[in-house]
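For reference, input02.txt (compact mmCIF, C-alpha atoms):
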```txt
# COMPACT_ATOMS: atom_id res chain seq x y z
CA MET A 1325 139.86 165.11 -15.22
CA ARG A 1326 141.46 162.01 -13.76
CA ASN A 1327 143.14 159.62 -16.16
CA ARG A 1328 141.10 156.48 -15.87
CA TYR A 1329 142.56 154.50 -18.75
CA SER A 1330 146.16 153.89 -19.73
CA ASP A 1331 147.37 154.45 -23.28
CA GLU A 1332 147.15 150.71 -23.93
CA GLN A 1333 143.54 150.59 -22.73
CA LEU A 1334 142.64 153.63 -24.81
CA ILE A 1335 144.05 152.01 -27.95
CA LEU A 1336 142.01 148.86 -27.29
CA GLN A 1337 138.89 150.98 -26.87
CA LEU A 1338 139.57 152.87 -30.11
CA ALA A 1339 140.05 149.55 -31.91
CA SER A 1340 136.65 148.34 -30.75
CA SER A 1341 133.58 148.28 -32.98
CA ASP A 1342 131.42 149.05 -29.94
CA THR A 1343 130.52 152.74 -29.93
CA ARG A 1344 130.33 152.77 -26.13
CA GLU A 1345 133.95 151.65 -25.85
CA VAL A 1346 135.05 154.18 -28.47
CA ASP A 1347 133.13 156.93 -26.63
CA LYS A 1348 134.99 156.19 -23.41
CA ALA A 1349 138.32 156.72 -25.14
CA VAL A 1350 137.11 159.80 -27.04
CA LYS A 1351 135.85 161.45 -23.84
CA GLN A 1352 139.06 160.83 -21.96
CA LEU A 1353 141.28 161.97 -24.83
CA HIS A 1354 139.14 165.08 -25.26
CA GLY A 1355 139.48 165.90 -21.56
CA GLN A 1356 143.21 165.29 -21.55
CA TYR A 1357 144.46 166.72 -24.82
CA LYS A 1358 141.97 169.11 -26.41
CA ASP A 1359 143.42 172.10 -24.60
CA MET A 1360 146.93 171.13 -25.72
CA ILE A 1361 145.88 171.21 -29.39
CA VAL A 1362 143.82 174.38 -28.99
CA ARG A 1363 146.87 176.03 -27.38
CA LEU A 1364 149.09 174.92 -30.27
CA VAL A 1365 146.69 176.37 -32.84
CA HIS A 1366 146.07 179.54 -30.87
CA GLN A 1367 149.81 180.08 -30.53
CA ASN A 1368 150.09 179.77 -34.29
CA SER A 1369 147.45 182.22 -35.49
CA GLY A 1370 144.40 179.98 -35.23
CA THR A 1371 141.07 180.41 -33.47
CA LEU A 1372 139.42 178.33 -30.78
CA GLN A 1373 137.22 176.79 -33.47
CA ASP A 1374 140.29 175.97 -35.59
CA GLY A 1375 141.80 174.31 -32.53
CA GLU A 1376 138.71 172.22 -31.84
CA GLU A 1377 138.46 171.15 -35.49
CA LEU A 1378 142.12 170.25 -35.53
CA PHE A 1379 141.72 168.21 -32.35
CA ASP A 1380 138.83 166.33 -34.01
CA ASP A 1381 140.93 165.63 -37.09
CA ALA A 1382 143.94 164.55 -35.03
CA LEU A 1383 141.80 162.21 -32.95
CA LEU A 1384 140.19 160.76 -36.06
CA GLY A 1385 143.68 160.37 -37.52
CA LEU A 1386 144.66 158.36 -34.45
CA TRP A 1387 141.46 156.31 -34.66
CA GLN A 1388 142.04 155.57 -38.37
CA ALA A 1389 145.62 154.52 -37.68
CA VAL A 1390 144.42 152.19 -34.91
CA GLN A 1391 141.67 150.75 -37.09
CA ALA A 1392 144.05 150.21 -40.00
CA GLY A 1393 146.67 148.64 -37.74
CA ARG A 1394 149.14 151.42 -38.56
CA TYR A 1395 149.40 152.71 -35.02
CA GLN A 1396 152.69 151.74 -33.40
CA PRO A 1397 152.67 152.25 -29.63
CA THR A 1398 156.28 153.41 -29.53
CA ALA A 1399 155.39 156.86 -28.23
CA ARG A 1400 152.67 158.19 -25.96
CA ILE A 1401 149.24 158.98 -27.40
CA LYS A 1402 149.85 162.57 -26.33
CA THR A 1403 152.90 162.74 -28.59
CA TYR A 1404 151.06 161.07 -31.44
CA LEU A 1405 148.13 163.47 -31.27
CA TYR A 1406 150.38 166.49 -30.95
CA GLN A 1407 152.42 165.49 -33.98
CA ILE A 1408 149.37 164.75 -36.15
CA ALA A 1409 147.86 168.10 -35.17
CA ARG A 1410 151.14 169.92 -35.68
CA ASN A 1411 151.62 168.49 -39.18
CA LEU A 1412 148.02 169.07 -40.18
CA TRP A 1413 148.15 172.67 -38.99
CA LEU A 1414 151.43 173.28 -40.82
CA ASN A 1415 149.85 171.89 -44.00
CA ARG A 1416 146.83 174.15 -43.59
CA ILE A 1417 148.95 177.22 -42.97
CA ARG A 1418 150.97 176.45 -46.09
CA ALA A 1419 147.81 175.76 -48.11
CA ALA A 1420 146.44 179.13 -47.08
CA SER A 1421 149.77 180.74 -48.12
CA ARG A 1422 150.03 182.34 -44.73
CA ALA A 1423 153.46 183.38 -43.59
CA VAL A 1424 153.44 182.25 -40.00
CA ARG A 1425 156.41 181.59 -37.81
CA PHE A 1426 155.50 178.27 -36.24
CA THR A 1427 155.93 177.90 -32.50
CA ASP A 1428 155.77 174.57 -30.70
CA THR A 1429 153.87 174.62 -27.44
CA GLU A 1430 154.94 171.22 -26.12
CA SER A 1431 158.33 169.68 -25.51
CA LEU A 1432 157.85 165.96 -25.98
CA ASP A 1433 160.75 163.74 -25.06
CA ASP A 1434 159.44 160.66 -26.87
CA TYR A 1435 158.95 162.31 -30.24
CA HIS A 1436 161.97 160.51 -31.69
CA LEU A 1437 160.38 157.14 -30.87
CA MET A 1438 157.44 157.54 -33.18
CA SER A 1439 157.08 157.24 -36.91
CA LEU A 1440 154.21 159.16 -38.39
CA ASP A 1441 152.86 158.96 -41.91
CA GLU A 1442 152.06 162.19 -43.64
CA PRO A 1443 148.75 163.21 -42.08
CA LEU A 1444 145.72 162.97 -44.31
CA GLU A 1445 143.02 165.57 -44.58
CA HIS A 1446 140.55 162.81 -45.52
CA ASN A 1447 140.13 159.17 -44.77
CA GLU A 1448 141.52 157.71 -47.98
CA ALA A 1449 139.85 154.34 -47.48
CA VAL A 1450 136.46 156.03 -47.18
CA ASP A 1451 137.14 158.23 -50.19
CA ALA A 1452 138.04 155.12 -52.19
CA PHE A 1453 134.84 153.41 -51.07
CA TRP A 1454 132.67 156.29 -52.28
CA GLU A 1455 134.52 156.33 -55.59
CA LYS A 1456 133.61 152.67 -56.05
CA VAL A 1457 129.99 153.28 -55.05
CA ARG A 1458 129.77 156.12 -57.55
CA ALA A 1459 131.13 153.81 -60.24
CA VAL A 1460 128.48 151.20 -59.48
CA GLY A 1461 125.65 153.60 -60.20
CA GLU A 1462 123.64 156.59 -59.08
CA THR A 1463 120.94 154.61 -57.26
CA CYS A 1464 123.54 152.78 -55.21
CA TYR A 1465 125.29 156.05 -54.42
CA ASN A 1466 122.04 157.74 -53.35
CA VAL A 1467 120.88 154.83 -51.21
CA LEU A 1468 124.22 154.21 -49.50
CA ARG A 1469 124.93 157.92 -48.99
CA ALA A 1470 121.51 158.36 -47.37
CA TYR A 1471 122.09 155.25 -45.26
CA ALA A 1472 125.48 156.59 -44.21
CA ASP A 1473 123.82 159.89 -43.30
CA GLY A 1474 121.55 158.05 -40.88
CA TYR A 1475 118.29 157.80 -42.82
CA SER A 1476 116.14 154.75 -42.14
CA MET A 1477 115.33 152.29 -44.90
CA GLN A 1478 111.74 153.51 -44.88
CA GLU A 1479 112.87 157.12 -45.37
CA ILE A 1480 115.24 156.07 -48.14
CA ALA A 1481 112.47 154.13 -49.90
CA VAL A 1482 110.20 157.19 -49.85
CA ARG A 1483 112.92 159.67 -50.74
CA PHE A 1484 114.12 157.76 -53.83
CA GLU A 1485 110.75 156.19 -54.73
CA LEU A 1486 111.91 152.62 -54.17
CA GLY A 1487 108.59 151.25 -52.94
CA THR A 1488 109.01 149.53 -49.60
CA ALA A 1489 111.71 149.59 -46.95
CA ASN A 1490 112.52 145.98 -47.86
CA ASN A 1491 113.17 147.04 -51.45
CA ALA A 1492 115.55 149.71 -50.20
CA LYS A 1493 117.25 147.15 -47.98
CA THR A 1494 117.68 144.73 -50.90
CA ILE A 1495 119.19 147.51 -53.00
CA LYS A 1496 121.52 148.44 -50.16
CA TYR A 1497 122.91 144.89 -49.80
CA ASN A 1498 123.15 144.31 -53.54
CA CYS A 1499 125.04 147.58 -53.91
CA LEU A 1500 127.39 146.65 -51.10
CA LYS A 1501 128.06 143.33 -52.81
CA LYS A 1502 128.79 145.07 -56.11
CA VAL A 1503 131.15 147.53 -54.42
CA GLY A 1504 133.03 144.59 -52.92
CA LYS A 1505 133.79 143.11 -56.32
CA PRO A 1506 136.98 144.15 -58.09
CA LEU A 1507 136.39 146.86 -60.70
CA SER A 1508 136.36 145.38 -64.20
CA MET B 949 120.81 128.03 -32.45
CA GLU B 950 119.18 128.41 -35.85
CA ARG B 951 120.32 129.94 -39.07
CA PRO B 952 118.06 132.82 -40.22
CA THR B 953 115.82 132.08 -43.16
CA GLY B 954 115.16 134.39 -46.08
CA GLN B 955 117.61 136.52 -48.02
CA GLU B 956 117.14 139.76 -46.12
CA ASN B 957 117.45 138.07 -42.72
CA GLU B 958 120.59 136.37 -43.94
CA TRP B 959 122.09 139.67 -45.08
CA GLU B 960 121.27 141.27 -41.74
CA TRP B 961 122.92 138.32 -39.99
CA ILE B 962 126.03 138.84 -42.11
CA GLU B 963 125.97 142.56 -41.31
CA ARG B 964 125.85 141.82 -37.60
CA TYR B 965 128.78 139.46 -38.04
CA TRP B 966 130.98 141.98 -39.87
CA THR B 967 130.12 144.82 -37.52
CA GLY B 968 130.98 142.76 -34.45
CA GLN B 969 127.46 142.57 -33.06
CA LEU B 970 127.16 138.79 -32.74
CA PRO B 971 127.59 137.29 -29.27
CA ALA B 972 130.56 134.91 -29.00
CA ALA B 973 128.49 131.73 -29.19
CA GLU B 974 126.51 132.94 -32.20
CA LYS B 975 129.74 134.01 -33.89
CA VAL B 976 131.07 130.45 -33.54
CA PHE B 977 127.84 129.12 -35.00
CA PHE B 978 127.99 131.66 -37.84
CA GLU B 979 131.54 130.58 -38.77
CA GLN B 980 130.48 126.96 -38.58
CA VAL B 981 127.68 127.62 -41.10
CA MET B 982 130.18 129.49 -43.27
CA ASN B 983 132.49 126.46 -43.27
CA GLU B 984 129.66 124.12 -44.16
CA ASP B 985 128.02 126.26 -46.86
CA PRO B 986 130.31 127.62 -49.62
CA ARG B 987 127.52 129.75 -51.10
CA PHE B 988 126.94 131.39 -47.75
CA ALA B 989 130.70 131.85 -47.28
CA GLN B 990 130.89 133.56 -50.65
CA GLU B 991 127.98 135.84 -49.73
CA VAL B 992 129.73 136.73 -46.46
CA ALA B 993 132.96 137.52 -48.30
CA SER B 994 131.23 139.61 -50.93
CA LEU B 995 129.68 141.87 -48.29
CA GLN B 996 132.80 142.27 -46.15
CA TYR B 997 134.32 145.27 -47.88
CA GLY B 998 131.11 147.27 -48.21
CA LEU B 999 129.83 146.54 -44.71
CA LYS B 1000 133.21 147.29 -43.13
CA ALA B 1001 133.39 150.57 -45.07
CA MET B 1002 129.89 151.53 -43.95
CA GLU B 1003 130.82 150.64 -40.37
CA THR B 1004 133.88 152.87 -40.62
CA ILE B 1005 131.77 155.72 -41.99
CA HIS B 1006 129.17 155.34 -39.27
CA MET B 1007 131.81 155.17 -36.54
CA GLU B 1008 133.59 158.22 -37.92
CA GLN B 1009 130.32 160.14 -37.90
CA HIS B 1010 129.60 158.91 -34.41
CA ILE B 1011 133.00 160.09 -33.18
CA ARG B 1012 132.53 163.51 -34.81
CA GLN B 1013 129.10 163.85 -33.16
CA THR B 1014 130.52 162.85 -29.78
CA LEU B 1015 133.33 165.38 -30.15
CA GLN B 1016 130.87 168.08 -31.19
CA GLN B 1017 128.81 167.42 -28.05
CA LEU B 1018 131.95 167.50 -25.91
CA HIS B 1019 133.04 170.82 -27.43
CA THR B 1020 129.58 172.31 -26.92
CA SER B 1021 129.33 171.15 -23.33
CA GLY B 1022 132.93 172.32 -22.73
CA ARG B 1023 132.06 175.79 -24.03
CA GLN B 1024 128.96 175.89 -21.83
CA GLN B 1025 131.00 174.87 -18.80
CA GLN B 1026 133.57 177.53 -19.66
CA LEU B 1027 130.78 180.10 -19.97
CA THR B 1028 129.34 179.02 -16.63
CA ARG B 1029 132.81 179.22 -15.04
CA THR B 1030 133.33 182.71 -16.49
CA ARG B 1031 129.95 183.80 -15.16
CA TRP B 1032 130.72 182.41 -11.74
CA ILE B 1033 134.08 184.16 -11.77
CA SER B 1034 132.52 187.48 -12.75
CA TRP B 1035 129.71 187.04 -10.22
CA GLY B 1036 132.28 186.03 -7.61
CA GLY B 1037 134.37 189.05 -8.54
CA GLY B 1038 131.34 191.30 -8.21
CA LEU B 1039 130.46 189.74 -4.89
CA ALA B 1040 134.05 190.12 -3.67
CA ALA B 1041 134.03 193.77 -4.77
CA ALA B 1042 130.72 194.31 -2.98
CA CYS B 1043 132.11 192.64 0.17
CA LEU B 1044 135.23 194.77 -0.04
CA ALA B 1045 133.12 197.89 -0.45
CA ALA B 1046 131.03 196.83 2.55
CA LEU B 1047 134.16 196.21 4.61
CA LEU B 1048 135.56 199.58 3.59
CA ILE B 1049 132.29 201.20 4.62
CA LEU B 1050 132.23 199.32 7.91
CA PHE B 1051 135.85 199.82 8.92
CA VAL B 1052 137.33 202.72 7.01
CA LYS B 1053 134.56 205.21 6.34
CA PRO B 1054 134.31 207.68 9.21
CA VAL B 1055 131.08 207.52 11.18
CA ARG B 1056 128.93 210.49 10.26
CA LEU B 1057 126.32 211.30 12.83
CA PRO B 1058 123.46 213.47 11.61
CA GLY B 1059 124.18 217.04 10.75
CA TYR B 1060 125.69 219.33 13.23
CA GLU B 1061 123.87 222.21 11.63
CA ASN B 1062 120.52 220.76 12.51
CA ASP B 1063 121.77 220.22 15.99
CA TRP B 1064 123.00 223.72 16.01
CA GLU B 1065 119.56 224.98 15.01
CA VAL B 1066 118.01 223.05 17.83
CA ILE B 1067 120.51 224.37 20.29
CA ARG B 1068 120.31 227.95 19.11
CA ASP B 1069 116.50 228.12 19.15
CA LEU B 1070 116.17 226.38 22.43
CA ASN B 1071 119.11 228.31 23.75
CA SER B 1072 117.43 231.61 22.96
CA GLN B 1073 114.15 230.32 24.34
CA TYR B 1074 115.80 229.29 27.57
CA GLN B 1075 117.90 232.44 27.68
CA ALA B 1076 114.66 234.36 27.56
CA ASP B 1077 113.40 232.26 30.46
CA SER B 1078 116.83 232.67 32.06
CA THR B 1079 115.89 230.10 34.59
CA ASP B 1080 116.61 226.68 33.17
CA GLN B 1081 119.80 224.82 33.87
CA ARG B 1082 119.45 223.20 30.50
CA LYS B 1083 121.20 226.18 28.99
CA GLN B 1084 124.33 224.90 30.67
CA ALA B 1085 123.68 221.55 29.08
CA PHE B 1086 123.37 223.12 25.63
CA ASP B 1087 126.57 225.03 26.11
CA LEU B 1088 128.34 221.89 27.26
CA PHE B 1089 127.00 220.01 24.25
CA PHE B 1090 128.18 222.76 21.93
CA GLU B 1091 131.61 222.65 23.49
CA ALA B 1092 131.69 218.86 23.36
CA GLN B 1093 130.73 218.92 19.69
CA ALA B 1094 133.45 221.40 18.95
CA LEU B 1095 136.01 219.13 20.61
CA TYR B 1096 134.55 216.10 18.82
CA SER B 1097 134.86 217.86 15.49
CA GLU B 1098 138.50 218.61 16.21
CA GLY B 1099 139.13 214.91 16.93
CA GLN B 1100 139.55 215.37 20.65
CA SER B 1101 137.37 212.45 21.64
CA GLY B 1102 138.61 212.19 25.24
CA PRO B 1103 137.69 215.74 26.35
CA ALA B 1104 134.58 215.57 24.20
CA ALA B 1105 133.47 212.37 25.96
CA HIS B 1106 133.98 214.01 29.33
CA ARG B 1107 131.65 216.89 28.38
CA PHE B 1108 129.05 214.60 26.81
CA GLU B 1109 129.00 212.60 30.06
CA GLN B 1110 128.37 215.81 31.94
CA VAL B 1111 125.50 216.70 29.63
CA LEU B 1112 123.87 213.36 30.34
CA ASN B 1113 123.89 214.13 34.06
CA PHE B 1114 121.29 216.82 33.46
CA THR B 1115 117.71 215.70 34.01
CA ARG B 1116 114.70 216.48 31.81
CA LEU B 1117 116.67 216.45 28.56
CA ARG B 1118 114.57 216.26 25.41
CA PRO B 1119 114.73 212.78 23.84
CA TYR B 1120 116.24 214.07 20.62
CA PHE B 1121 118.94 215.90 22.51
CA ARG B 1122 119.63 213.01 24.90
CA GLU B 1123 120.00 210.53 22.02
CA ALA B 1124 122.28 212.90 20.11
CA VAL B 1125 124.54 213.14 23.13
CA GLN B 1126 124.48 209.37 23.61
CA TRP B 1127 125.41 208.64 19.98
CA HIS B 1128 128.28 211.08 20.12
CA LEU B 1129 129.40 209.55 23.37
CA VAL B 1130 129.39 206.05 21.82
CA VAL B 1131 131.70 207.23 19.05
CA CYS B 1132 133.96 209.04 21.51
CA TYR B 1133 134.24 205.91 23.66
CA LEU B 1134 135.15 203.84 20.61
CA ASN B 1135 137.75 206.38 19.56
CA THR B 1136 139.30 206.34 23.03
CA GLY B 1137 139.41 202.55 23.39
CA GLN B 1138 136.47 202.12 25.77
CA PRO B 1139 134.31 199.67 23.83
CA GLU B 1140 132.45 198.29 26.89
CA LYS B 1141 131.17 201.75 27.77
CA ALA B 1142 130.30 202.31 24.13
CA LYS B 1143 128.40 199.01 24.12
CA ASP B 1144 126.35 199.91 27.20
CA ILE B 1145 125.14 203.15 25.68
CA TYR B 1146 124.70 201.59 22.24
CA ASN B 1147 122.38 198.99 23.78
CA GLN B 1148 120.36 201.74 25.46
CA LEU B 1149 119.87 203.35 22.05
CA LYS B 1150 118.33 200.28 20.43
CA GLY B 1151 114.83 201.02 19.19
CA LYS B 1152 115.18 204.75 19.73
CA ASP B 1153 114.99 207.02 16.75
CA ALA B 1154 114.38 210.56 17.91
CA TYR B 1155 117.87 211.41 16.75
CA ASP B 1156 117.98 209.90 13.25
CA VAL B 1157 121.23 208.00 12.77
CA GLY B 1158 121.44 206.26 9.36
CA LEU B 1159 121.27 202.48 9.14
CA VAL B 1160 124.77 202.12 7.69
CA ASP B 1161 126.21 204.26 10.46
CA ARG B 1162 124.33 202.22 13.08
CA TRP B 1163 125.77 199.00 11.55
CA GLN B 1164 129.19 200.52 11.35
CA ILE B 1165 129.16 201.51 15.02
CA GLY B 1166 127.68 198.13 15.98
CA TRP B 1167 130.41 196.25 14.06
CA ARG B 1168 133.16 198.28 15.64
CA ILE B 1169 131.76 197.60 19.09
CA TRP B 1170 131.36 193.90 18.30
CA LEU B 1171 134.92 193.63 17.05
CA ALA B 1172 136.37 195.55 19.99
CA THR B 1173 134.54 193.64 22.73
```
Will you turn the file into structure tokens for me?
Amino acid sequence: MRNRYSDEQLILQLASSDTREVDKAVKQLHGQYKDMIVRLVHQNSGTLQDGEELFDDALLGLWQAVQAGRYQPTARIKTYLYQIARNLWLNRIRAASRAVRFTDTESLDDYHLMSLDEPLEHNEAVDAFWEKVRAVGETCYNVLRAYADGYSMQEIAVRFELGTANNAKTIKYNCLKKVGKPLS
Amino acid sequence: MERPTGQENEWEWIERYWTGQLPAAEKVFFEQVMNEDPRFAQEVASLQYGLKAMETIHMEQHIRQTLQQLHTSGRQQQLTRTRWISWGGGLAAACLAALLILFVKPVRLPGYENDWEVIRDLNSQYQADSTDQRKQAFDLFFEAQALYSEGQSGPAAHRFEQVLNFTRLRPYFREAVQWHLVVCYLNTGQPEKAKDIYNQLKGKDAYDVGLVDRWQIGWRIWLAT
């Protein structure tokens, strides 16, 4: 696959709220670096599926860092993804108490230029959001969780016996407003 | 540009603002309304955190779905590549086998024993008649075949040529001599002569030479001429 976008362009695309722009970056990064991560995992006792999952998590880690403004373009995206994947895989190996001698599969000359936070298995901001929603109440949690899962307002209204789709929509916005308030 | 009326429409407008869906001009208008209406500004602020979080969740799900599709299509492409490689390998092996058959396998003309039967019976028949010159032809053919079997294609070719000079040869016998002569010519580097006789044999099947052997002889002639 030819590299169509530079690292700078890819970061701008990942920062976008337009799914089409994000897709462009995701497709190029998948074409360029998935095999690198799969190779790393395979070399260190993982399966193809482990490698693909790790690539997904590394890419989402990059996306989260870009969205949160934490991404510093001091090193190449390749280096960033490799290091996130490497750290995540090391964490998982340790968590599984597996004695594995870790072997790097890439020699990256710009590794020293990057600073990387400890990789997260979950998006902490999203976890915190759901905690707040749960605290607001069960109805809010059910409605927003179903909305997040892609159900329409009509489906949510029927599923949770809320009457009409407009009722469900009103509940959704009121819940979102409550979640936005500081916890008392 | 008009501000939406009704609570739900207003909320949807705010959602479009926070999820970056408003065109530039409408965004300017939205912010202008926000500056002019403190209640509206407060409503916008109160929804920011929740709507941004939902947008993040939706985008994360969208990225995971896109990646899943890419992995699936990548695996399918890999599978297709593997199939093509194995099919290609099979095809290459088949081609190699065909080439080996065409160029390496020795040409096997139909059984000498059958020929021998024909010769012996006819020989005895003509011996009984003790008149026909074809006996000499049979003897020459027998001698030529013996030389051919020993790999002496030159002397064998000479005798086969002599056999062909006899008239009133049976078609089966004539064709057998011709086929042997073609092979002898090829073995002795006389492809043009081989080609002439090979062309005469087209469409004739009294002496039953197998299709693969016919191809094999044809290829060798084609390559040599």
TODO: Find the residues near Asp1434 in chain A: any atom within 9 Å, counting all atoms listed in the file, skip ones fewer than 5 places away on the same chain, and give them as a PyMOL selection string.
DONE: chain A and resi 1398-1400+1403
TODO: Can you check which residues of chain A have any atom within 10 Å of chain B? Use all atoms listed in the file and format it as an NGL selection string.
DONE: :A and (1340-1343 or 1346-1347 or 1350-1351 or 1354-1355 or 1358 or 1373 or 1376-1377 or 1379-1381 or 1383-1384 or 1387-1388 or 1391 or 1447 or 1449-1454 or 1456-1457 or 1468-1469 or 1471-1474 or 1490-1491 or 1493-1494 or 1496-1505)
Open item on the list: Every residue with an atom at most 12 Å from (144.2, 149.0, -36.4) (file coordinates; only C-alpha atoms) is what I'm after, so could you write them as a VMD selection string?
Closed with: (chain A and resid 1335 to 1341 1385 to 1397) or (chain B and resid 1004)
Task: Counting only C-alpha atoms, the residue of B:Gln1138, B:Ser1101, B:Thr1020, B:Gln1164 that sits nearest Leu1048 in chain B - done: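 Using only C-alpha atoms, the shortest distance to Leu1048 in chain B belongs to B:Gln1164.
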Task: Selected residue of minimal separation from Glu1098 in chain B among B:Cys1132, B:Val1111, B:Ile1049, B:Leu1159, counting all atoms listed in the file - done: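 Residue with the minimum atom-to-atom distance to Glu1098 in chain B: B:Cys1132.
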TODO: Give me, please, the distance in Å between CA of Leu1057 in chain B and CA of Asn1113 in chain B, quoted to one decimal.
DONE: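 One can read the CA of Leu1057 in chain B to CA of Asn1113 in chain B distance as 21.6 Å.
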